[in-house]
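Student: My structure is stored as target_25.tsv, with TSV, N, CA and C atoms and all ligand atoms.
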```tsv
chain	number	residue	atom	x	y	z
A	4	MET	N	4.17	-31.05	-12.75
A	4	MET	CA	2.81	-30.65	-13.09
A	4	MET	C	1.91	-31.87	-13.19
A	5	PHE	N	0.68	-31.71	-12.76
A	5	PHE	CA	-0.24	-32.85	-12.87
A	5	PHE	C	-1.63	-32.40	-13.29
A	6	PHE	N	-2.39	-33.36	-13.80
A	6	PHE	CA	-3.77	-33.11	-14.20
A	6	PHE	C	-4.69	-33.57	-13.08
A	7	GLU	N	-5.73	-32.77	-12.83
A	7	GLU	CA	-6.72	-33.13	-11.81
A	7	GLU	C	-7.98	-33.62	-12.50
A	8	LEU	N	-8.30	-34.89	-12.36
A	8	LEU	CA	-9.51	-35.44	-12.96
A	8	LEU	C	-10.56	-35.61	-11.88
A	9	GLU	N	-11.83	-35.48	-12.30
A	9	GLU	CA	-12.92	-35.67	-11.35
A	9	GLU	C	-13.58	-37.02	-11.62
A	10	GLN	N	-13.87	-37.74	-10.56
A	10	GLN	CA	-14.55	-39.03	-10.71
A	10	GLN	C	-15.72	-39.11	-9.73
A	11	LYS	N	-16.92	-39.25	-10.27
A	11	LYS	CA	-18.10	-39.42	-9.42
A	11	LYS	C	-18.34	-40.90	-9.21
A	12	THR	N	-18.69	-41.28	-7.99
A	12	THR	CA	-19.03	-42.68	-7.74
A	12	THR	C	-20.50	-42.76	-7.30
A	13	THR	N	-21.09	-43.94	-7.48
A	13	THR	CA	-22.53	-44.09	-7.24
A	13	THR	C	-22.85	-45.07	-6.12
A	14	ASP	N	-21.82	-45.84	-5.67
A	14	ASP	CA	-22.05	-46.82	-4.61
A	14	ASP	C	-21.06	-46.62	-3.48
A	15	ARG	N	-21.35	-47.23	-2.33
A	15	ARG	CA	-20.40	-47.12	-1.21
A	15	ARG	C	-19.08	-47.81	-1.58
A	16	ASN	N	-19.18	-49.02	-2.12
A	16	ASN	CA	-18.00	-49.75	-2.60
A	16	ASN	C	-18.14	-49.92	-4.10
A	17	GLN	N	-17.13	-49.48	-4.83
A	17	GLN	CA	-17.26	-49.52	-6.28
A	17	GLN	C	-15.88	-49.46	-6.94
A	18	LEU	N	-15.72	-50.21	-8.01
A	18	LEU	CA	-14.52	-50.08	-8.83
A	18	LEU	C	-14.94	-49.46	-10.16
A	19	VAL	N	-14.30	-48.35	-10.52
A	19	VAL	CA	-14.63	-47.65	-11.76
A	19	VAL	C	-13.42	-47.73	-12.69
A	20	ASP	N	-13.63	-48.26	-13.88
A	20	ASP	CA	-12.54	-48.36	-14.85
A	20	ASP	C	-12.20	-46.96	-15.37
A	21	ILE	N	-11.01	-46.47	-15.05
A	21	ILE	CA	-10.61	-45.12	-15.47
A	21	ILE	C	-9.49	-45.18	-16.52
A	22	SER	N	-9.33	-46.34	-17.16
A	22	SER	CA	-8.26	-46.50	-18.16
A	22	SER	C	-8.37	-45.46	-19.27
A	23	ASP	N	-9.59	-45.27	-19.80
A	23	ASP	CA	-9.77	-44.32	-20.91
A	23	ASP	C	-9.47	-42.89	-20.47
A	24	LEU	N	-9.89	-42.58	-19.24
A	24	LEU	CA	-9.64	-41.25	-18.68
A	24	LEU	C	-8.13	-40.99	-18.57
A	25	VAL	N	-7.40	-41.99	-18.11
A	25	VAL	CA	-5.95	-41.85	-17.96
A	25	VAL	C	-5.30	-41.76	-19.35
A	26	GLN	N	-5.78	-42.60	-20.29
A	26	GLN	CA	-5.23	-42.56	-21.66
A	26	GLN	C	-5.46	-41.18	-22.30
A	27	GLU	N	-6.64	-40.59	-22.06
A	27	GLU	CA	-6.93	-39.25	-22.59
A	27	GLU	C	-5.88	-38.25	-22.10
A	28	THR	N	-5.53	-38.34	-20.84
A	28	THR	CA	-4.53	-37.44	-20.25
A	28	THR	C	-3.17	-37.69	-20.87
A	29	VAL	N	-2.83	-38.96	-21.08
A	29	VAL	CA	-1.55	-39.31	-21.71
A	29	VAL	C	-1.54	-38.75	-23.14
A	30	SER	N	-2.65	-38.89	-23.86
A	30	SER	CA	-2.74	-38.38	-25.23
A	30	SER	C	-2.50	-36.87	-25.25
A	31	LYS	N	-3.16	-36.15	-24.34
A	31	LYS	CA	-3.03	-34.70	-24.25
A	31	LYS	C	-1.59	-34.28	-23.97
A	32	SER	N	-0.88	-35.10	-23.19
A	32	SER	CA	0.48	-34.75	-22.78
A	32	SER	C	1.47	-34.84	-23.95
A	33	LYS	N	1.12	-35.60	-24.99
A	33	LYS	CA	1.98	-35.82	-26.15
A	33	LYS	C	3.28	-36.57	-25.81
A	34	VAL	N	3.37	-37.13	-24.61
A	34	VAL	CA	4.56	-37.89	-24.25
A	34	VAL	C	4.57	-39.21	-25.03
A	35	GLU	N	5.66	-39.46	-25.75
A	35	GLU	CA	5.76	-40.65	-26.60
A	35	GLU	C	6.23	-41.87	-25.81
A	36	SER	N	7.21	-41.64	-24.93
A	36	SER	CA	7.81	-42.74	-24.19
A	36	SER	C	8.12	-42.28	-22.77
A	37	GLY	N	7.63	-43.01	-21.79
A	37	GLY	CA	7.85	-42.60	-20.40
A	37	GLY	C	6.96	-43.39	-19.47
A	38	PHE	N	6.37	-42.69	-18.51
A	38	PHE	CA	5.44	-43.38	-17.60
A	38	PHE	C	4.45	-42.37	-17.03
A	39	VAL	N	3.37	-42.91	-16.50
A	39	VAL	CA	2.35	-42.08	-15.89
A	39	VAL	C	2.12	-42.56	-14.46
A	40	VAL	N	1.94	-41.61	-13.56
A	40	VAL	CA	1.59	-41.94	-12.18
A	40	VAL	C	0.16	-41.48	-11.95
A	41	VAL	N	-0.66	-42.39	-11.43
A	41	VAL	CA	-2.05	-42.07	-11.07
A	41	VAL	C	-2.13	-42.13	-9.56
A	42	PHE	N	-2.52	-41.00	-8.95
A	42	PHE	CA	-2.55	-40.91	-7.49
A	42	PHE	C	-3.93	-40.46	-7.02
A	43	VAL	N	-4.42	-41.13	-6.00
A	43	VAL	CA	-5.74	-40.80	-5.43
A	43	VAL	C	-5.54	-40.14	-4.06
A	44	PRO	N	-5.88	-38.84	-3.94
A	44	PRO	CA	-5.62	-38.11	-2.68
A	44	PRO	C	-6.76	-38.25	-1.67
A	45	HIS	N	-7.15	-39.47	-1.38
A	45	HIS	CA	-8.25	-39.72	-0.45
A	45	HIS	C	-7.89	-40.90	0.46
A	46	SER	N	-8.31	-40.83	1.73
A	46	SER	CA	-7.95	-41.90	2.67
A	46	SER	C	-9.00	-43.00	2.75
A	47	THR	N	-10.08	-42.85	1.96
A	47	THR	CA	-11.10	-43.92	1.93
A	47	THR	C	-11.37	-44.38	0.50
A	48	ALA	N	-10.39	-44.19	-0.37
A	48	ALA	CA	-10.48	-44.65	-1.75
A	48	ALA	C	-9.08	-45.08	-2.17
A	49	GLY	N	-8.94	-45.60	-3.38
A	49	GLY	CA	-7.63	-46.03	-3.85
A	49	GLY	C	-7.63	-46.23	-5.34
A	50	VAL	N	-6.55	-46.81	-5.83
A	50	VAL	CA	-6.46	-47.09	-7.27
A	50	VAL	C	-5.70	-48.41	-7.43
A	51	THR	N	-6.17	-49.22	-8.38
A	51	THR	CA	-5.54	-50.52	-8.58
A	51	THR	C	-5.65	-50.94	-10.04
A	52	ILE	N	-4.84	-51.91	-10.42
A	52	ILE	CA	-4.89	-52.45	-11.78
A	52	ILE	C	-5.34	-53.90	-11.69
A	53	ASN	N	-6.37	-54.25	-12.47
A	53	ASN	CA	-6.81	-55.64	-12.52
A	53	ASN	C	-7.59	-55.88	-13.81
A	54	GLU	N	-8.18	-57.06	-13.91
A	54	GLU	CA	-8.88	-57.42	-15.16
A	54	GLU	C	-10.10	-56.54	-15.40
A	55	ASN	N	-10.22	-56.04	-16.64
A	55	ASN	CA	-11.42	-55.26	-16.97
A	55	ASN	C	-12.26	-55.93	-18.06
A	56	ALA	N	-11.94	-57.19	-18.39
A	56	ALA	CA	-12.73	-57.90	-19.40
A	56	ALA	C	-13.99	-58.49	-18.78
A	57	ASP	N	-13.84	-59.19	-17.67
A	57	ASP	CA	-14.97	-59.80	-16.98
A	57	ASP	C	-15.31	-58.98	-15.73
A	58	PRO	N	-16.49	-58.32	-15.70
A	58	PRO	CA	-16.86	-57.50	-14.54
A	58	PRO	C	-16.99	-58.30	-13.25
A	59	ASP	N	-17.08	-59.63	-13.35
A	59	ASP	CA	-17.14	-60.45	-12.14
A	59	ASP	C	-15.86	-60.36	-11.32
A	60	VAL	N	-14.75	-60.03	-11.98
A	60	VAL	CA	-13.48	-59.89	-11.24
A	60	VAL	C	-13.59	-58.72	-10.26
A	61	SER	N	-14.14	-57.59	-10.72
A	61	SER	CA	-14.34	-56.43	-9.83
A	61	SER	C	-15.28	-56.79	-8.70
A	62	PHE	N	-16.37	-57.47	-9.04
A	62	PHE	CA	-17.34	-57.89	-8.02
A	62	PHE	C	-16.66	-58.76	-6.97
A	63	ASP	N	-15.88	-59.74	-7.42
A	63	ASP	CA	-15.20	-60.66	-6.50
A	63	ASP	C	-14.18	-59.93	-5.62
A	64	LEU	N	-13.48	-58.97	-6.21
A	64	LEU	CA	-12.48	-58.22	-5.45
A	64	LEU	C	-13.15	-57.43	-4.33
A	65	LEU	N	-14.24	-56.73	-4.67
A	65	LEU	CA	-14.95	-55.94	-3.65
A	65	LEU	C	-15.54	-56.85	-2.59
A	66	SER	N	-16.08	-57.99	-2.99
A	66	SER	CA	-16.71	-58.86	-2.01
A	66	SER	C	-15.66	-59.52	-1.11
A	67	ALA	N	-14.49	-59.85	-1.67
A	67	ALA	CA	-13.41	-60.42	-0.84
A	67	ALA	C	-12.90	-59.38	0.16
A	68	LEU	N	-12.78	-58.12	-0.29
A	68	LEU	CA	-12.31	-57.06	0.62
A	68	LEU	C	-13.30	-56.86	1.77
A	69	SER	N	-14.60	-56.95	1.44
A	69	SER	CA	-15.62	-56.75	2.48
A	69	SER	C	-15.65	-57.91	3.47
A	70	LYS	N	-15.28	-59.11	3.02
A	70	LYS	CA	-15.17	-60.24	3.95
A	70	LYS	C	-13.95	-60.07	4.85
A	71	LEU	N	-12.89	-59.55	4.25
A	71	LEU	CA	-11.63	-59.35	4.98
A	71	LEU	C	-11.80	-58.24	6.02
A	72	VAL	N	-12.53	-57.19	5.64
A	72	VAL	CA	-12.71	-56.02	6.52
A	72	VAL	C	-14.22	-55.72	6.65
A	73	PRO	N	-14.92	-56.44	7.52
A	73	PRO	CA	-16.36	-56.20	7.67
A	73	PRO	C	-16.64	-54.82	8.25
A	74	LYS	N	-17.69	-54.18	7.74
A	74	LYS	CA	-18.02	-52.82	8.14
A	74	LYS	C	-18.35	-52.71	9.63
A	75	ASP	N	-18.96	-53.78	10.18
A	75	ASP	CA	-19.44	-53.69	11.57
A	75	ASP	C	-18.42	-54.16	12.61
A	76	SER	N	-17.17	-54.33	12.21
A	76	SER	CA	-16.14	-54.70	13.19
A	76	SER	C	-16.02	-53.59	14.23
A	77	LYS	N	-15.52	-53.94	15.41
A	77	LYS	CA	-15.44	-52.94	16.49
A	77	LYS	C	-14.19	-52.07	16.34
A	78	PHE	N	-14.29	-51.06	15.47
A	78	PHE	CA	-13.16	-50.15	15.24
A	78	PHE	C	-13.23	-48.98	16.20
A	79	ARG	N	-12.11	-48.34	16.46
A	79	ARG	CA	-12.07	-47.18	17.37
A	79	ARG	C	-12.44	-45.88	16.67
A	80	HIS	N	-12.05	-45.73	15.40
A	80	HIS	CA	-12.31	-44.51	14.63
A	80	HIS	C	-13.81	-44.21	14.63
A	81	ALA	N	-14.18	-43.04	15.17
A	81	ALA	CA	-15.59	-42.75	15.47
A	81	ALA	C	-16.42	-42.35	14.26
A	82	GLU	N	-15.78	-42.15	13.13
A	82	GLU	CA	-16.50	-41.66	11.95
A	82	GLU	C	-17.38	-42.74	11.29
A	83	GLY	N	-17.16	-44.00	11.69
A	83	GLY	CA	-17.98	-45.08	11.14
A	83	GLY	C	-17.53	-45.57	9.78
A	84	ASN	N	-16.37	-45.13	9.32
A	84	ASN	CA	-15.92	-45.58	8.00
A	84	ASN	C	-14.53	-46.22	8.06
A	85	SER	N	-14.23	-46.85	9.20
A	85	SER	CA	-12.91	-47.49	9.36
A	85	SER	C	-12.66	-48.55	8.31
A	86	ASP	N	-13.72	-49.29	7.94
A	86	ASP	CA	-13.53	-50.32	6.91
A	86	ASP	C	-12.99	-49.68	5.63
A	87	ALA	N	-13.51	-48.49	5.29
A	87	ALA	CA	-13.07	-47.80	4.08
A	87	ALA	C	-11.60	-47.39	4.18
A	88	HIS	N	-11.20	-46.90	5.38
A	88	HIS	CA	-9.79	-46.52	5.57
A	88	HIS	C	-8.87	-47.74	5.40
A	89	LEU	N	-9.28	-48.87	5.98
A	89	LEU	CA	-8.45	-50.07	5.90
A	89	LEU	C	-8.36	-50.60	4.47
A	90	LYS	N	-9.50	-50.59	3.77
A	90	LYS	CA	-9.48	-51.05	2.38
A	90	LYS	C	-8.60	-50.15	1.52
A	91	SER	N	-8.65	-48.86	1.80
A	91	SER	CA	-7.82	-47.90	1.07
A	91	SER	C	-6.34	-48.25	1.20
A	92	SER	N	-5.92	-48.59	2.43
A	92	SER	CA	-4.51	-48.95	2.63
A	92	SER	C	-4.17	-50.29	1.97
A	93	LEU	N	-5.11	-51.23	2.00
A	93	LEU	CA	-4.85	-52.53	1.38
A	93	LEU	C	-4.67	-52.39	-0.14
A	94	ILE	N	-5.49	-51.55	-0.75
A	94	ILE	CA	-5.47	-51.38	-2.21
A	94	ILE	C	-4.33	-50.45	-2.65
A	95	GLY	N	-4.05	-49.42	-1.86
A	95	GLY	CA	-2.99	-48.47	-2.20
A	95	GLY	C	-3.55	-47.24	-2.89
A	96	SER	N	-2.75	-46.17	-2.91
A	96	SER	CA	-3.26	-44.90	-3.42
A	96	SER	C	-2.59	-44.45	-4.72
A	97	SER	N	-1.72	-45.29	-5.31
A	97	SER	CA	-1.13	-44.91	-6.58
A	97	SER	C	-0.77	-46.13	-7.42
A	98	VAL	N	-0.74	-45.93	-8.73
A	98	VAL	CA	-0.19	-46.93	-9.64
A	98	VAL	C	0.68	-46.20	-10.66
A	99	MET	N	1.63	-46.92	-11.23
A	99	MET	CA	2.48	-46.39	-12.27
A	99	MET	C	2.35	-47.28	-13.50
A	100	VAL	N	2.18	-46.68	-14.66
A	100	VAL	CA	2.04	-47.46	-15.90
A	100	VAL	C	3.01	-46.88	-16.94
A	101	LEU	N	3.69	-47.76	-17.67
A	101	LEU	CA	4.60	-47.31	-18.71
A	101	LEU	C	3.82	-46.78	-19.91
A	102	ILE	N	4.48	-45.89	-20.66
A	102	ILE	CA	3.89	-45.32	-21.89
A	102	ILE	C	4.82	-45.60	-23.05
A	103	GLU	N	4.28	-46.12	-24.14
A	103	GLU	CA	5.06	-46.29	-25.36
A	103	GLU	C	4.18	-45.87	-26.54
A	104	GLN	N	4.72	-45.09	-27.44
A	104	GLN	CA	3.98	-44.54	-28.59
A	104	GLN	C	2.71	-43.81	-28.15
A	105	ASN	N	2.86	-43.07	-27.07
A	105	ASN	CA	1.77	-42.26	-26.49
A	105	ASN	C	0.58	-43.11	-26.02
A	106	ARG	N	0.83	-44.42	-25.79
A	106	ARG	CA	-0.24	-45.30	-25.31
A	106	ARG	C	0.17	-45.94	-23.98
A	107	LEU	N	-0.80	-46.14	-23.11
A	107	LEU	CA	-0.56	-46.88	-21.88
A	107	LEU	C	-0.13	-48.30	-22.23
A	108	VAL	N	0.89	-48.80	-21.56
A	108	VAL	CA	1.31	-50.19	-21.77
A	108	VAL	C	0.65	-51.04	-20.69
A	109	LEU	N	-0.53	-51.56	-21.03
A	109	LEU	CA	-1.28	-52.41	-20.10
A	109	LEU	C	-1.39	-53.80	-20.72
A	110	GLY	N	-1.49	-54.83	-19.90
A	110	GLY	CA	-1.73	-56.17	-20.41
A	110	GLY	C	-3.10	-56.23	-21.08
A	111	THR	N	-3.28	-57.23	-21.93
A	111	THR	CA	-4.53	-57.37	-22.70
A	111	THR	C	-5.78	-57.26	-21.83
A	112	TRP	N	-5.73	-57.85	-20.64
A	112	TRP	CA	-6.93	-57.90	-19.80
A	112	TRP	C	-6.91	-56.88	-18.68
A	113	GLN	N	-5.89	-56.03	-18.67
A	113	GLN	CA	-5.74	-55.10	-17.55
A	113	GLN	C	-6.44	-53.76	-17.77
A	114	GLY	N	-6.97	-53.22	-16.69
A	114	GLY	CA	-7.52	-51.88	-16.69
A	114	GLY	C	-7.10	-51.19	-15.39
A	115	ILE	N	-7.15	-49.85	-15.39
A	115	ILE	CA	-6.86	-49.08	-14.18
A	115	ILE	C	-8.20	-48.76	-13.54
A	116	PHE	N	-8.34	-49.10	-12.26
A	116	PHE	CA	-9.60	-48.90	-11.57
A	116	PHE	C	-9.48	-47.91	-10.42
A	117	PHE	N	-10.39	-46.92	-10.41
A	117	PHE	CA	-10.57	-46.11	-9.20
A	117	PHE	C	-11.36	-46.97	-8.22
A	118	ALA	N	-10.89	-47.04	-6.99
A	118	ALA	CA	-11.54	-47.89	-5.98
A	118	ALA	C	-12.21	-47.02	-4.93
A	119	GLU	N	-13.52	-47.02	-4.93
A	119	GLU	CA	-14.31	-46.27	-3.94
A	119	GLU	C	-14.68	-47.19	-2.78
A	120	PHE	N	-14.47	-46.70	-1.55
A	120	PHE	CA	-14.85	-47.49	-0.39
A	120	PHE	C	-15.76	-46.75	0.57
A	121	ASP	N	-16.06	-45.48	0.27
A	121	ASP	CA	-16.95	-44.71	1.16
A	121	ASP	C	-17.79	-43.74	0.32
A	122	GLY	N	-18.36	-44.30	-0.77
A	122	GLY	CA	-19.15	-43.47	-1.67
A	122	GLY	C	-20.62	-43.47	-1.28
A	123	PRO	N	-21.47	-42.92	-2.12
A	123	PRO	CA	-21.10	-42.19	-3.34
A	123	PRO	C	-20.54	-40.79	-3.03
A	124	ARG	N	-19.55	-40.39	-3.81
A	124	ARG	CA	-18.91	-39.10	-3.64
A	124	ARG	C	-18.36	-38.60	-4.97
A	125	THR	N	-17.95	-37.35	-4.98
A	125	THR	CA	-17.18	-36.84	-6.10
A	125	THR	C	-15.73	-36.82	-5.65
A	126	ARG	N	-14.90	-37.51	-6.39
A	126	ARG	CA	-13.50	-37.73	-5.99
A	126	ARG	C	-12.55	-37.08	-6.98
A	127	GLN	N	-11.31	-36.98	-6.55
A	127	GLN	CA	-10.24	-36.47	-7.42
A	127	GLN	C	-9.28	-37.60	-7.76
A	128	VAL	N	-8.78	-37.56	-8.97
A	128	VAL	CA	-7.71	-38.46	-9.39
A	128	VAL	C	-6.61	-37.57	-9.98
A	129	LEU	N	-5.42	-37.67	-9.44
A	129	LEU	CA	-4.31	-36.85	-9.95
A	129	LEU	C	-3.44	-37.70	-10.88
A	130	VAL	N	-3.15	-37.13	-12.04
A	130	VAL	CA	-2.40	-37.88	-13.05
A	130	VAL	C	-1.20	-37.03	-13.49
A	131	SER	N	-0.01	-37.61	-13.39
A	131	SER	CA	1.19	-36.90	-13.83
A	131	SER	C	1.92	-37.77	-14.86
A	132	VAL	N	2.28	-37.14	-15.97
A	132	VAL	CA	2.91	-37.88	-17.07
A	132	VAL	C	4.38	-37.47	-17.16
A	133	PHE	N	5.26	-38.46	-17.23
A	133	PHE	CA	6.70	-38.20	-17.27
A	133	PHE	C	7.30	-38.72	-18.57
A	134	SER	N	8.15	-37.91	-19.18
A	134	SER	CA	8.78	-38.30	-20.43
A	134	SER	C	10.18	-38.84	-20.16
A	135	LYS	N	10.60	-39.86	-20.96
A	135	LYS	CA	11.95	-40.43	-20.83
A	135	LYS	C	13.03	-39.42	-21.22
A	136	LYS	N	12.66	-38.54	-22.14
A	136	LYS	CA	13.67	-37.59	-22.63
A	136	LYS	C	13.71	-36.35	-21.78
B	1	ZN	ZN	-12.86	-41.71	8.64
```
Turn the structure described in the file into structure tokens.
Ligand code: ZN

Tutor:
Amino acid sequence: MFFELEQKTTDRNQLVDISDLVQETVSKSKVESGFVVVFVPHSTAGVTINENADPDVSFDLLSALSKLVPKDSKFRHAEGNSDAHLKSSLIGSSVMVLIEQNRLVLGTWQGIFFAEFDGPRTRQVLVSVFSKK
């Protein structure tokens, strides 16, 4: 069983901190010890874990990805969003985080980010919580 969360994005490329949203789901699940899987069912978006203390880290990540995969490259995919598809694969579509005492086990500076590469859109984030017992 999994929870379906909705995430609205406002920019074409954007990282949205969804740590609190995922923690809310973990809290609801009442799982004390286990892990959570966060999966993004989109081919032009993704999910990643990185620093959420300094917003410049998100800015730098998005800008580095755009240098790596420029939008105007000569891609074959006719939809015009090949850069978004490539960024999605580079970032990945799932993360797993351990749970202890019904809390996400994240490093002090870590957050879970929804990664939008072809926004703005309303997206889905699927969250499944697993118990050790
Ligand atoms: Zn496409």

Student: Edge lengths and centre in Å to one decimal, as JSON, is what I'm after for the box along x, y and z that holds all listed atoms of stretch 98-105 of chain A once 4 Å is added on each side.

Tutor:
```
{"center_x": 2.2, "center_y": -45.0, "center_z": -18.7, "size_x": 13.8, "size_y": 13.5, "size_z": 27.9}
```

Student: A:Val29: which residues within 6.5 Å, counting only N, CA and C atoms, same-chain residues fewer than 5 positions away excluded, as a list in words?

Tutor: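 Skipping anything fewer than 5 positions along the chain leaves Leu24, Val34 and Asn105 of chain A.
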
Student: Separation of atom ZN of ligand ZN 1 (chain B) and atom N of A:Phe42, in Å?

Tutor: 20.4 Å

Student: What does the list of residues within 6.5 Å of ligand ZN 1 (chain B) look like if you count only N, CA and C atoms and all ligand atoms, written as a VMD selection string?

Tutor: chain A and resid 82 to 85 88

Student: How would the residues just picked look written out with N, CA and C atoms as a PDB file, keeping the file's coordinate frame?

Tutor:
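Once everything was written out, this is out-v9.pdb:
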```pdb
ATOM      1  N   GLU A  82     -15.780 -42.150  13.130  1.00  0.00           N
ATOM      2  CA  GLU A  82     -16.500 -41.660  11.950  1.00  0.00           C
ATOM      3  C   GLU A  82     -17.380 -42.740  11.290  1.00  0.00           C
ATOM      4  N   GLY A  83     -17.160 -44.000  11.690  1.00  0.00           N
ATOM      5  CA  GLY A  83     -17.980 -45.080  11.140  1.00  0.00           C
ATOM      6  C   GLY A  83     -17.530 -45.570   9.780  1.00  0.00           C
ATOM      7  N   ASN A  84     -16.370 -45.130   9.320  1.00  0.00           N
ATOM      8  CA  ASN A  84     -15.920 -45.580   8.000  1.00  0.00           C
ATOM      9  C   ASN A  84     -14.530 -46.220   8.060  1.00  0.00           C
ATOM     10  N   SER A  85     -14.230 -46.850   9.200  1.00  0.00           N
ATOM     11  CA  SER A  85     -12.910 -47.490   9.360  1.00  0.00           C
ATOM     12  C   SER A  85     -12.660 -48.550   8.310  1.00  0.00           C
ATOM     13  N   HIS A  88     -11.200 -46.900   5.380  1.00  0.00           N
ATOM     14  CA  HIS A  88      -9.790 -46.520   5.570  1.00  0.00           C
ATOM     15  C   HIS A  88      -8.870 -47.740   5.400  1.00  0.00           C
TER      16      HIS A  88
END
```

Student: Find, counting only N, CA and C atoms, the residue in A:Val25, A:Phe5, A:Asp20, A:Arg106 that gets nearest to A:Asn55.

Tutor: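 Among A:Val25, A:Phe5, A:Asp20, A:Arg106, it is A:Asp20 that comes nearest to A:Asn55.
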
Student: What is the atom CA of A:His45 to atom CA of A:Leu89 distance in Å?

Tutor: 12.1 Å

Student: Between A:Ala81, A:Glu35, A:Ser69, A:Leu18, which has the minimum distance to A:Ser134 (counting only N, CA and C atoms)?

Tutor: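 Ranking A:Ala81, A:Glu35, A:Ser69, A:Leu18 by distance to A:Ser134, first place goes to A:Glu35.
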
Student: Name the closest residue to A:Phe120 among the candidates A:Ser32, A:Asn53, A:Ser96, A:Thr47; distances are taken between atoms, counting all atoms listed in the file.

Tutor: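 Among A:Ser32, A:Asn53, A:Ser96, A:Thr47, it is A:Thr47 that comes nearest to A:Phe120.
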
Student: Ranking A:Phe116, A:Met99, A:Phe133, A:Glu27 by minimum distance to A:Val41 and counting all atoms listed in the file, which one comes first?

Tutor: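 Answer, going by the shortest atom-to-atom distance: A:Met99.
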
Student: Please, which residues of stretch 39-126 of chain A, numbered as in this document, come out helix (DSSP H, G or I) from DSSP, as a list in words?

Tutor: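 Assigned to helix (DSSP H, G or I), within stretch 39-126 of chain A: Pro58, Asp59, Val60, Ser61, Phe62, Asp63, Leu64, Leu65, Ser66, Ala67, Leu68, Ser69, Lys70, Leu71, Ser85, Asp86, Ala87, His88, Leu89, Lys90, Ser91, Ser92, Leu93 and Ile94 of chain A.
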
Student: Could you complete stretch 29-34 of chain A so that it carries all heavy atoms, and give it back as a PDB file, in the frame of the given file?

Tutor:
```pdb
ATOM      1  N   VAL A  29      -2.830 -38.960 -21.080  1.00  0.00           N
ATOM      2  CA  VAL A  29      -1.550 -39.310 -21.710  1.00  0.00           C
ATOM      3  C   VAL A  29      -1.540 -38.750 -23.140  1.00  0.00           C
ATOM      4  O   VAL A  29      -0.544 -38.153 -23.574  1.00  0.00           O
ATOM      5  CB  VAL A  29      -1.335 -40.842 -21.710  1.00  0.00           C
ATOM      6  CG1 VAL A  29      -0.157 -41.239 -22.595  1.00  0.00           C
ATOM      7  CG2 VAL A  29      -1.119 -41.338 -20.287  1.00  0.00           C
ATOM      8  N   SER A  30      -2.650 -38.890 -23.860  1.00  0.00           N
ATOM      9  CA  SER A  30      -2.740 -38.380 -25.230  1.00  0.00           C
ATOM     10  C   SER A  30      -2.500 -36.870 -25.250  1.00  0.00           C
ATOM     11  O   SER A  30      -1.737 -36.359 -26.073  1.00  0.00           O
ATOM     12  CB  SER A  30      -4.106 -38.693 -25.835  1.00  0.00           C
ATOM     13  OG  SER A  30      -4.335 -40.076 -25.844  1.00  0.00           O
ATOM     14  N   LYS A  31      -3.160 -36.150 -24.340  1.00  0.00           N
ATOM     15  CA  LYS A  31      -3.030 -34.700 -24.250  1.00  0.00           C
ATOM     16  C   LYS A  31      -1.590 -34.280 -23.970  1.00  0.00           C
ATOM     17  O   LYS A  31      -1.123 -33.258 -24.455  1.00  0.00           O
ATOM     18  CB  LYS A  31      -3.905 -34.163 -23.101  1.00  0.00           C
ATOM     19  CG  LYS A  31      -5.242 -33.609 -23.564  1.00  0.00           C
ATOM     20  CD  LYS A  31      -5.940 -32.896 -22.416  1.00  0.00           C
ATOM     21  CE  LYS A  31      -7.242 -33.602 -22.075  1.00  0.00           C
ATOM     22  NZ  LYS A  31      -7.819 -33.191 -20.801  1.00  0.00           N
ATOM     23  N   SER A  32      -0.880 -35.100 -23.190  1.00  0.00           N
ATOM     24  CA  SER A  32       0.480 -34.750 -22.780  1.00  0.00           C
ATOM     25  C   SER A  32       1.470 -34.840 -23.950  1.00  0.00           C
ATOM     26  O   SER A  32       2.551 -34.270 -23.879  1.00  0.00           O
ATOM     27  CB  SER A  32       0.951 -35.691 -21.669  1.00  0.00           C
ATOM     28  OG  SER A  32       1.306 -36.954 -22.212  1.00  0.00           O
ATOM     29  N   LYS A  33       1.120 -35.600 -24.990  1.00  0.00           N
ATOM     30  CA  LYS A  33       1.980 -35.820 -26.150  1.00  0.00           C
ATOM     31  C   LYS A  33       3.280 -36.570 -25.810  1.00  0.00           C
ATOM     32  O   LYS A  33       4.188 -36.628 -26.632  1.00  0.00           O
ATOM     33  CB  LYS A  33       2.326 -34.501 -26.858  1.00  0.00           C
ATOM     34  CG  LYS A  33       1.113 -33.642 -27.214  1.00  0.00           C
ATOM     35  CD  LYS A  33       0.777 -33.732 -28.682  1.00  0.00           C
ATOM     36  CE  LYS A  33      -0.243 -32.695 -29.115  1.00  0.00           C
ATOM     37  NZ  LYS A  33      -1.612 -33.202 -29.103  1.00  0.00           N
ATOM     38  N   VAL A  34       3.370 -37.130 -24.610  1.00  0.00           N
ATOM     39  CA  VAL A  34       4.560 -37.890 -24.250  1.00  0.00           C
ATOM     40  C   VAL A  34       4.570 -39.210 -25.030  1.00  0.00           C
ATOM     41  O   VAL A  34       3.613 -39.969 -24.988  1.00  0.00           O
ATOM     42  CB  VAL A  34       4.613 -38.163 -22.714  1.00  0.00           C
ATOM     43  CG1 VAL A  34       5.659 -39.221 -22.382  1.00  0.00           C
ATOM     44  CG2 VAL A  34       4.903 -36.869 -21.968  1.00  0.00           C
TER      45      VAL A  34
END
```
